[in-house]
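What follows is a set of notes on a single structure, which appears directly below.
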Amino acid sequence: MTTPTRNTLQEGGAVGTLRQTAVSHIGFTVPDVAATADFYGRTVGLTVQEELASGGLRLGWGLGHHVLDLTEGPKGLSHYGFEVRDSDGIAGITARLKDAGHDVADLDPSVIDHAVGVPSGISVTDPDGTTVHFHGPVARQGENAADPGRRPIKFQHTTLGTDNVAQMVSFFVDTVGFRISDQLEDGKFAWLRSDRDHHTLAVVENGNPGNLDHYSYDLAEWEDFKSWCDRLTEIGVDVVWGPGRHGPGNNLFVFFDDLAGNHIELSAEMEKFHDDRATYVTRQWRPVPASVNLWGGQLASWRKTSESEI
């Protein structure tokens, strides 16, 4: 397979394109598991579903598949996962990964809690060395019971940091089956979709391969942001970026950090794509701060701040 150069990422993914794949869970190592679990309970309403064999904690919204695994260690991203609802989707991903020379292992059934039917899934390492889980459908009753003013609707997307965007995009588009919705003209940021949402995964060049850039929870609408920002202030959590509106995805956003320093986005009104009804061309955005915040203002503190890089 020929890896596209950084400035010429292609749409790709036509043969094995996924149309019903969403983020399902993510795993962090954090210095203080108990305190971090308490933080997520106070902020986004996640509760402890079970204790892990590693001594960590698994968090969710009470019912259905878990959202977050916390294990003790220095701040880091241990794994991230996707639910694949496409018919024969797991089999197709497995075949394409093996054909591309990747080692694929069966996923431990304990990871696929609240599976719909027989638990099935695979584990593979992405080009930056991070474990990725792909599994079949799971129940998500906890998401369906959300209170948008005090609880997110769902875990929405993951954004990975890397030092080689083209390589990561090639893995997810040409092999796994995602599509590119938007990218920067310089190739340093790409937003990938695998269902109707504008992106379930994004990849940004930040010089930190294998690290999380940020991850996002979905709110319902603009009205919810006012109560969320007020409530975060009341419990002593600073909003570190936003409110604003992204260019790619056109979604509203605010950001805050957990106790370990992971960047958490609250998002709403993300653009929808209808690949079964329309043909889309990947859009190219200028690599300037105004592209990631159409309302202007400062970039997030962890972003480069020159006019040519975001």
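In the structure tokens, the first chain shown is A, the next is B, and so on; residue numbers restart at 1 for each chain, and ligands run from 1 in the order shown.
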
field: Residues within 9 Å of Pro152 of chain A, only C-alpha atoms, excluding chain neighbours under 2 positions, as a count of residues only
entry: 15

field: For segment 196-208 of chain A: contacts at 6 Å, only C-alpha atoms, fewer than 4 positions along chain excluded, given as a PyMOL selection string
entry: chain A and resi 157-163+165+188-192+249+271-273

Written selection (C-alpha atoms) as a compact mmCIF listing (two decimals), in the first residue's frame:
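What ended up in part-v6.txt:
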```
# COMPACT_ATOMS: atom_id res chain seq x y z
CA HIS A 157 -15.40 11.28 19.26
CA THR A 158 -11.70 10.78 19.96
CA THR A 159 -8.89 12.99 18.65
CA LEU A 160 -5.42 11.46 18.54
CA GLY A 161 -2.09 13.24 18.60
CA THR A 162 0.61 11.97 16.25
CA ASP A 163 3.78 12.90 14.37
CA VAL A 165 -1.04 12.21 10.20
CA LYS A 188 -1.63 18.34 9.79
CA PHE A 189 -5.22 17.75 10.90
CA ALA A 190 -7.84 15.34 9.52
CA TRP A 191 -11.41 14.59 10.63
CA LEU A 192 -12.73 11.10 9.84
CA GLY A 249 -17.92 19.80 11.68
CA GLU A 271 -22.77 18.33 11.02
CA LYS A 272 -24.31 15.14 9.58
CA PHE A 273 -23.21 13.31 6.43
```

- line: The distance between atom CA of Gln156 of chain A and atom CA of Phe82 of chain A is 10.8 Å

task: May I have the residues within 8 Å of Glu269 of chain A as number ranges by chain, using only C-alpha atoms and disregarding those fewer than 2 positions away in the same chain?
output: A: 220-222, 250-252, 267, 271

message: For the helix (DSSP H, G or I) assignment from backbone DSSP, which residues of segment 7-255 of chain A qualify? Please present them as JSON, numbers by chain.
response: {"A": [33, 34, 35, 36, 37, 38, 39, 40, 41, 42, 43, 44, 89, 90, 91, 92, 93, 94, 95, 96, 97, 98, 99, 109, 110, 111, 141, 142, 143, 144, 165, 166, 167, 168, 169, 170, 171, 172, 173, 174, 175, 176, 222, 223, 224, 225, 226, 227, 228, 229, 230, 231, 232, 233, 234]}

query: Counting only C-alpha atoms, what is within 8 Å of Arg19 of chain A, bar same-chain residues fewer than 2 positions away, as a PyMOL selection string?
result: chain A and resi 17+21+86+194-196

- request: Find the residues near Leu107 of chain A: any atom within 7 Å, counting only C-alpha atoms, skip ones fewer than 6 places away on the same chain, and give them as a ChimeraX atom specification.
  value: /A:121-123

Using the selection just defined, write its residues with N, CA and C atoms as a CSV table (one decimal), in the first residue's frame.
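Result file again_29.csv:
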```csv
chain,number,residue,atom,x,y,z
A,121,GLY,N,-15.2,-9.4,19.1
A,121,GLY,CA,-14.4,-8.2,18.8
A,121,GLY,C,-12.9,-8.5,18.6
A,122,ILE,N,-12.2,-7.5,18.2
A,122,ILE,CA,-10.8,-7.7,17.9
A,122,ILE,C,-10.0,-6.6,18.5
A,123,SER,N,-8.7,-6.8,18.7
A,123,SER,CA,-7.7,-5.8,19.2
A,123,SER,C,-6.6,-5.8,18.2
```
